[in-house]
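J.: Right, I'll just put the structure down here and ask away after.
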Amino acid sequence: MTPRITVTSRLRNLVLPARPDPARSRRIAEVRLVVSAVVVLAVFAAIAARVMLLATDEANARTAGIVPPPKAERGQILDRKGRLLATNLPITVLHADPSEIMDPAAAARALAPLLPRHDEGALARLLTKDTRYVELDRKLTPARHAEILNLGIPGIHFRKSTLRAYPSGRLAAHILGQVDPDNNGLAGVEKSLDARLASGDDVTLSIDAGIQAIMAREINKQIHIFEAIGGAGVMLDISSGEILALVSLPDFNPNHFGATDADTRFNRATLGLYEMGSTFKVLNTAMALESGTTTLDRRYEVARPLRIGGHRIRDYKVYDWPLTVPEILVLSSNIGSARMAAEIGAEIQKTYLRRLGMFERLPIEIPETATPLVPRSWRQSEIATISYGHGISVTPLHLASAVATASGSGLWTPPTLLRRQPGDEAGRQQPVRQKLFSEDTTRAVRSMMRLVVKHPKGTGKKAEARGYMVGGKTGTTEKIRPEGGYYKDRNIASFAATFPVHDPRYVLVVMVDEPKGQKHSYGYATGGWVAAPAARHIIETAAPLLGIHPVDEKAPEIRQKLRLDFKIGKEDKTLASF
Amino acid sequence: MRMILLISALTAILGTTLYQVKIGIDRREGELLALERDILAAEREISVLEAEWAHLSRPERVLDLSERLLEMQPIPEDRVLPIDAIPMRILPDFDEPLADVGVITLLPPDPAPKPRDLTRIAATPDDRVTLQTGGIAPQ
């Protein structure tokens, strides 16, 4: 039935198309319908599937993008009682993209009165810089923020940020340290515990802000009175090794770290090395008693200066009778101490000093620590001078830690700046403690230290805080010239105290750098005149905060904890009856 | 044909429900985000206030204020006593109308107070003063 294709049929088809075969065209139509239906259904199915996907898991991801998840803020630093020492404040950073700014001169003119940090010229220079980011101001106030926003300058942007702030100001500035603008620790606890703080953990220090402030104030007073260049102070908890206060003066406000100089930033308490002088006699006495080379009533000839290997050892006063061990400490005889040390010998002296931490950096939680300067060779002259604190340079914290051992429980406990609590040691390493001195030795040392403060001839009388049973030892040294020898007119005045001596709990070291003799001190700038009164005021003010009750020294239960029956001086008066 | 109608109706109902649930979730998520933002803002404000409080109560400032305004001094040792040094108070007889129970002293119900002469400013011995010492009755 196929039509014959001829020229005529083709021509006719051009004018009048052939009538389609109904059955065939129906088939074609059906195929077309099915194909288009499949296409339409496939498209709808794809859309439906996409809608389903968008409505489920992806939705969360998209909406969460509206508020960026808050970055963990840097952890806070708290004192032992939970008072805030370092925190973060929200700030607005004003920055500009110079490539977006159309008229830098006009923008600078408009912004200059609102930004006291830059003048117009400096602003114009900043805004024409060939960069995409210039910071114009941090710490914008909300009002300033609104004013700048109202100027409507294109290319000026705001960014929320946080600022590390130290709300207590200069308090504990040397301990806290500093961060850079990107919140990386630069010094102090901020540096040594940077990882912990950066991950958002808070850090609780062993510092008591109250005692820290009292210590800074009292040492500052002495610095002003005696026209000194600086000072330092440390208070240690004897049993736990916690540092309750650590002061280095002059101090600075860590909120304005940029404006400080190197001397101010220098931590005299942990980084400064000083010959601590006669305060070392406490350690010398404890070593001699513990190693059994002396007894409390053994006497030493001190009437004439001692000559050991080119060194001439003298006393400030001449004592023409042989001194007992307590007399050597109370009257602070260098000759007597040197003779005691000669009996101890180099090996025992070195062993004790090493165990007292005098040869190493202390393991505290700030990077600013120093390794003590000890003699290279340990000859007779070194043994002798170290006995009274010369020829060895340590930090005030080293001294505090050693005195805490010799006059406390006899255990050396590594000092720490973090709070140690009985129940809190689970995840933390237990402090390593080492028993160095017996109870008999420490009790004798404490009793003698008490006499230094209590006895009319003692050098530390000005440290007497009535009722708080202060025991201590003064120290005065001449500073070392960098080129060798000593300055005649530059002193270090120090005082190391233990209180209360009948139940030793705290050790305090006060050090004043280059005090000048004053009229009211009769020209003296010694540990007894400069550092001891500061120790007294610190103890008087801080003891009630530490829960120490004043006691009656004459009460029998107090006296039986001490040995006060030492005879000092030639008078036939025993000290039991003071 | 009926089957097709039924299925399409069911699909329509399911679709509508799904849509409603989705919209509801979106709205709640929005609320949650807003709340989280508020909490964050409040926390920030609290931390600012805490910082301000720490700044105002810094020991340096408190020491200075107490020295200038309160004239506070360290307490001398003879002013401090241990709690044992305070003598115990004498307990009253239990026959007395006022019985001492532990630390609380039981008083008989007060008679209606006399109308007080408000024009008088200074206290006179006539003014009733209730002193609760050792459970002794005010007469």
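Naming scheme: A, B, ... for chains in displayed order of the structure tokens; residues 1 onward per chain; ligands 1 onward as shown.
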Find the residues of chain A in contact range of chain B, meaning any atom within 7 Å when counting only C-alpha atoms, and list them as a VMD selection string.

T.: chain A and resid 55 83 to 84 87 89 167 to 168 209 to 210 213 466 to 467 540 to 541 550

J.: Which of these residues is nearest to Val179 of chain A, using only C-alpha atoms: A:Pro375, A:Pro142, A:Gly408, A:Gly258?

T.: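 Among A:Pro375, A:Pro142, A:Gly408, A:Gly258, it is A:Gly258 that comes nearest to Val179 of chain A.
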
J.: Please return, as a PyMOL selection string, all residues of segment 312-479 of chain A that DSSP assigns to strand (DSSP E or B) on the basis of the backbone.

T.: chain A and resi 312-313+323-324+373+393-394+411-412+416+418+434-435+471-479

J.: For Ile492 of chain A, list every protein, DNA or RNA residue within 10 Å, evaluated using only C-alpha atoms, and leave out those in the same chain fewer than 3 positions away; present the list as a PDB file with C-alpha atoms, in the first residue's frame.

T.:
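Ended up saving to out30.pdb:
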ATOM      1  CA  ALA A 228      66.335  52.046  96.666  1.00  0.00           C
ATOM      2  CA  GLY A 230      64.031  48.000  93.492  1.00  0.00           C
ATOM      3  CA  GLY A 231      63.041  45.108  95.649  1.00  0.00           C
ATOM      4  CA  TYR A 274      72.020  38.018  94.236  1.00  0.00           C
ATOM      5  CA  GLU A 275      74.495  37.088  96.903  1.00  0.00           C
ATOM      6  CA  MET A 276      72.022  36.805  99.735  1.00  0.00           C
ATOM      7  CA  GLY A 277      74.553  37.245 102.545  1.00  0.00           C
ATOM      8  CA  GLY A 475      71.389  39.750 105.390  1.00  0.00           C
ATOM      9  CA  THR A 476      73.394  42.613 103.958  1.00  0.00           C
ATOM     10  CA  THR A 477      75.787  42.256 101.034  1.00  0.00           C
ATOM     11  CA  GLU A 478      77.638  44.584  98.767  1.00  0.00           C
ATOM     12  CA  LYS A 479      76.711  44.232  95.126  1.00  0.00           C
ATOM     13  CA  MET A 511      64.957  41.882  99.540  1.00  0.00           C
ATOM     14  CA  VAL A 512      65.653  45.554  98.827  1.00  0.00           C
ATOM     15  CA  ASP A 513      68.067  46.483  96.050  1.00  0.00           C
ATOM     16  CA  GLU A 514      70.486  49.370  96.688  1.00  0.00           C
ATOM     17  CA  PRO A 515      68.934  51.088  99.687  1.00  0.00           C
ATOM     18  CA  ALA A 525      71.038  50.445 104.936  1.00  0.00           C
ATOM     19  CA  THR A 526      71.260  46.910 106.291  1.00  0.00           C
ATOM     20  CA  GLY A 527      68.841  44.013 106.254  1.00  0.00           C
ATOM     21  CA  VAL A 530      65.532  48.082 105.597  1.00  0.00           C
ATOM     22  CA  ALA A 531      64.073  44.613 105.056  1.00  0.00           C
TER      23      ALA A 531
END

J.: What parts of segment 247-396 of chain A does DSSP call helix (DSSP H, G or I)? I'd like the answer as a compact mmCIF listing (two decimals) with N, CA and C atoms, in the first residue's frame.

T.:
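Produced file states_38.txt, reproduced below:
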# COMPACT_ATOMS: atom_id res chain seq x y z
N PRO A 254 50.25 45.48 83.37
CA PRO A 254 50.30 44.63 82.18
C PRO A 254 49.30 45.05 81.11
N ASN A 255 48.35 45.92 81.45
CA ASN A 255 47.43 46.42 80.43
C ASN A 255 48.11 47.43 79.50
N HIS A 256 49.26 47.94 79.95
CA HIS A 256 50.01 48.87 79.11
C HIS A 256 51.44 48.36 79.00
N PHE A 257 51.55 47.13 78.56
CA PHE A 257 52.84 46.44 78.54
C PHE A 257 53.84 47.16 77.64
N GLY A 258 53.33 47.72 76.54
CA GLY A 258 54.22 48.37 75.59
C GLY A 258 55.00 49.52 76.19
N ALA A 259 54.42 50.15 77.22
CA ALA A 259 55.04 51.35 77.78
C ALA A 259 56.06 51.02 78.87
N ALA A 262 62.79 47.49 80.18
CA ALA A 262 63.32 46.16 80.51
C ALA A 262 63.54 46.00 82.01
N ASP A 263 63.99 47.06 82.68
CA ASP A 263 64.27 46.95 84.11
C ASP A 263 62.98 46.67 84.88
N THR A 264 61.89 47.30 84.45
CA THR A 264 60.61 47.10 85.12
C THR A 264 60.09 45.69 84.88
N ARG A 265 60.29 45.19 83.67
CA ARG A 265 59.78 43.85 83.34
C ARG A 265 60.62 42.76 83.99
N GLY A 277 73.92 36.85 101.30
CA GLY A 277 74.55 37.24 102.54
C GLY A 277 74.16 36.38 103.73
N SER A 278 74.10 37.04 104.89
CA SER A 278 74.01 36.32 106.15
C SER A 278 72.77 35.45 106.29
N THR A 279 71.76 35.67 105.48
CA THR A 279 70.58 34.79 105.57
C THR A 279 71.00 33.35 105.31
N PHE A 280 72.14 33.15 104.62
CA PHE A 280 72.62 31.79 104.36
C PHE A 280 73.11 31.10 105.63
N LYS A 281 73.36 31.91 106.68
CA LYS A 281 73.85 31.29 107.92
C LYS A 281 72.82 30.35 108.50
N VAL A 282 71.54 30.62 108.21
CA VAL A 282 70.47 29.71 108.65
C VAL A 282 70.72 28.33 108.05
N LEU A 283 71.04 28.31 106.75
CA LEU A 283 71.27 27.04 106.06
C LEU A 283 72.54 26.38 106.58
N ASN A 284 73.58 27.23 106.78
CA ASN A 284 74.86 26.71 107.27
C ASN A 284 74.69 26.04 108.63
N THR A 285 73.92 26.71 109.51
CA THR A 285 73.71 26.17 110.84
C THR A 285 72.95 24.85 110.76
N ALA A 286 71.90 24.81 109.92
CA ALA A 286 71.12 23.59 109.80
C ALA A 286 71.98 22.45 109.27
N MET A 287 72.84 22.74 108.27
CA MET A 287 73.71 21.70 107.72
C MET A 287 74.67 21.16 108.78
N ALA A 288 75.26 22.09 109.54
CA ALA A 288 76.25 21.68 110.54
C ALA A 288 75.60 20.82 111.61
N LEU A 289 74.40 21.20 112.05
CA LEU A 289 73.72 20.44 113.09
C LEU A 289 73.30 19.08 112.55
N GLU A 290 72.77 19.06 111.33
CA GLU A 290 72.23 17.83 110.79
C GLU A 290 73.34 16.83 110.47
N SER A 291 74.49 17.35 109.97
CA SER A 291 75.56 16.42 109.61
C SER A 291 76.37 16.01 110.84
N VAL A 325 77.07 28.07 118.84
CA VAL A 325 76.38 28.06 117.55
C VAL A 325 75.20 29.06 117.54
N PRO A 326 74.34 29.07 118.58
CA PRO A 326 73.26 30.08 118.57
C PRO A 326 73.80 31.50 118.57
N GLU A 327 74.89 31.74 119.27
CA GLU A 327 75.46 33.09 119.29
C GLU A 327 75.96 33.50 117.91
N ILE A 328 76.55 32.54 117.20
CA ILE A 328 77.05 32.84 115.85
C ILE A 328 75.91 33.32 114.96
N LEU A 329 74.74 32.67 115.10
CA LEU A 329 73.62 33.05 114.25
C LEU A 329 73.01 34.38 114.71
N VAL A 330 72.79 34.51 116.03
CA VAL A 330 72.10 35.70 116.54
C VAL A 330 72.97 36.94 116.35
N ASN A 334 80.53 36.12 110.84
CA ASN A 334 81.04 35.48 109.62
C ASN A 334 82.15 34.49 109.95
N ILE A 335 83.01 34.90 110.90
CA ILE A 335 84.15 34.05 111.24
C ILE A 335 83.64 32.72 111.81
N GLY A 336 82.68 32.83 112.72
CA GLY A 336 82.12 31.62 113.33
C GLY A 336 81.49 30.72 112.28
N SER A 337 80.73 31.32 111.35
CA SER A 337 80.08 30.53 110.31
C SER A 337 81.11 29.83 109.44
N ALA A 338 82.18 30.56 109.10
CA ALA A 338 83.23 29.98 108.25
C ALA A 338 83.89 28.80 108.95
N ARG A 339 84.09 28.95 110.25
CA ARG A 339 84.72 27.85 111.00
C ARG A 339 83.79 26.63 111.05
N MET A 340 82.49 26.89 111.21
CA MET A 340 81.53 25.79 111.21
C MET A 340 81.53 25.09 109.84
N ALA A 341 81.59 25.89 108.78
CA ALA A 341 81.54 25.33 107.43
C ALA A 341 82.78 24.51 107.15
N ALA A 342 83.94 24.96 107.66
CA ALA A 342 85.18 24.23 107.45
C ALA A 342 85.05 22.82 108.01
N GLU A 343 84.33 22.70 109.14
CA GLU A 343 84.13 21.37 109.72
C GLU A 343 83.18 20.52 108.87
N ILE A 344 82.22 21.19 108.23
CA ILE A 344 81.26 20.43 107.39
C ILE A 344 81.98 19.84 106.19
N ALA A 346 83.58 20.33 102.00
CA ALA A 346 83.02 20.69 100.70
C ALA A 346 81.94 19.73 100.24
N GLU A 347 82.18 18.43 100.41
CA GLU A 347 81.25 17.46 99.84
C GLU A 347 79.86 17.56 100.46
N ILE A 348 79.83 17.62 101.80
CA ILE A 348 78.53 17.68 102.48
C ILE A 348 77.84 19.01 102.16
N GLN A 349 78.64 20.09 102.16
CA GLN A 349 78.05 21.40 101.85
C GLN A 349 77.44 21.40 100.45
N LYS A 350 78.17 20.85 99.50
CA LYS A 350 77.67 20.80 98.12
C LYS A 350 76.41 19.94 98.04
N THR A 351 76.44 18.79 98.71
CA THR A 351 75.28 17.89 98.66
C THR A 351 74.04 18.58 99.19
N TYR A 352 74.20 19.25 100.33
CA TYR A 352 73.03 19.93 100.90
C TYR A 352 72.53 21.04 99.98
N LEU A 353 73.49 21.83 99.46
CA LEU A 353 73.07 22.93 98.60
C LEU A 353 72.35 22.41 97.36
N ARG A 354 72.86 21.28 96.83
CA ARG A 354 72.22 20.71 95.64
C ARG A 354 70.81 20.26 95.97
N ARG A 355 70.68 19.58 97.12
CA ARG A 355 69.35 19.09 97.49
C ARG A 355 68.40 20.22 97.84
N GLN A 380 88.75 25.76 100.01
CA GLN A 380 88.48 26.18 101.39
C GLN A 380 87.82 27.56 101.44
N SER A 381 88.31 28.45 100.56
CA SER A 381 87.77 29.82 100.62
C SER A 381 86.30 29.83 100.18
N GLU A 382 85.93 28.99 99.21
CA GLU A 382 84.53 28.94 98.77
C GLU A 382 83.64 28.37 99.88
N ILE A 383 84.14 27.30 100.52
CA ILE A 383 83.36 26.71 101.62
C ILE A 383 83.07 27.79 102.66
N ALA A 384 84.11 28.57 102.97
CA ALA A 384 83.96 29.57 104.02
C ALA A 384 83.00 30.69 103.61
N THR A 385 83.16 31.22 102.39
CA THR A 385 82.33 32.38 102.03
C THR A 385 80.87 31.97 101.81
N ILE A 386 80.65 30.77 101.29
CA ILE A 386 79.27 30.33 101.07
C ILE A 386 78.53 30.22 102.40
N SER A 387 79.27 29.92 103.47
CA SER A 387 78.60 29.75 104.76
C SER A 387 77.89 31.03 105.18
N PRO A 396 65.88 35.31 95.12
CA PRO A 396 65.17 35.33 96.40
C PRO A 396 64.26 34.11 96.59

J.: For Gly152 of chain A, find every residue with an atom within 12 Å (counting only C-alpha atoms), except residues of its own chain fewer than 2 positions away, and show them as a VMD selection string.

T.: chain A and resid 101 106 to 107 110 to 111 145 to 150 154 to 157

J.: I'd like the interatomic distance between atom CA of Leu411 of chain A and atom CA of Leu356 of chain A, to a tenth of an Å.

T.: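 Separation between atom CA of Leu411 of chain A and atom CA of Leu356 of chain A: 9.3 Å.
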
J.: What is the atom CA of Glu483 of chain A-atom CA of Tyr316 of chain A distance in Å, reported with one decimal?

T.: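 Computing it gives 25.7 Å between the two atoms.
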
J.: Between atom CA of Ser192 of chain A and atom CA of Ile77 of chain A, what is the distance, to one decimal in Å?

T.: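 We find that atom CA of Ser192 of chain A and atom CA of Ile77 of chain A lie 12.7 Å from each other.
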
J.: Please list as a ChimeraX atom specification every residue within 10 Å of Asp315 of chain A, counting only C-alpha atoms and excluding residues in the same chain fewer than 5 positions away.

T.: /A:302-306,331-336

J.: Please list as a list in words every residue within 10 Å of Ile480 of chain A, counting only C-alpha atoms and excluding residues in the same chain fewer than 6 positions away.

T.: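 Surrounding residues, per the criterion: Tyr274, Glu275, Gly391, Ser393, Tyr486, Tyr487, Lys488, Arg490 and Asn491 of chain A.
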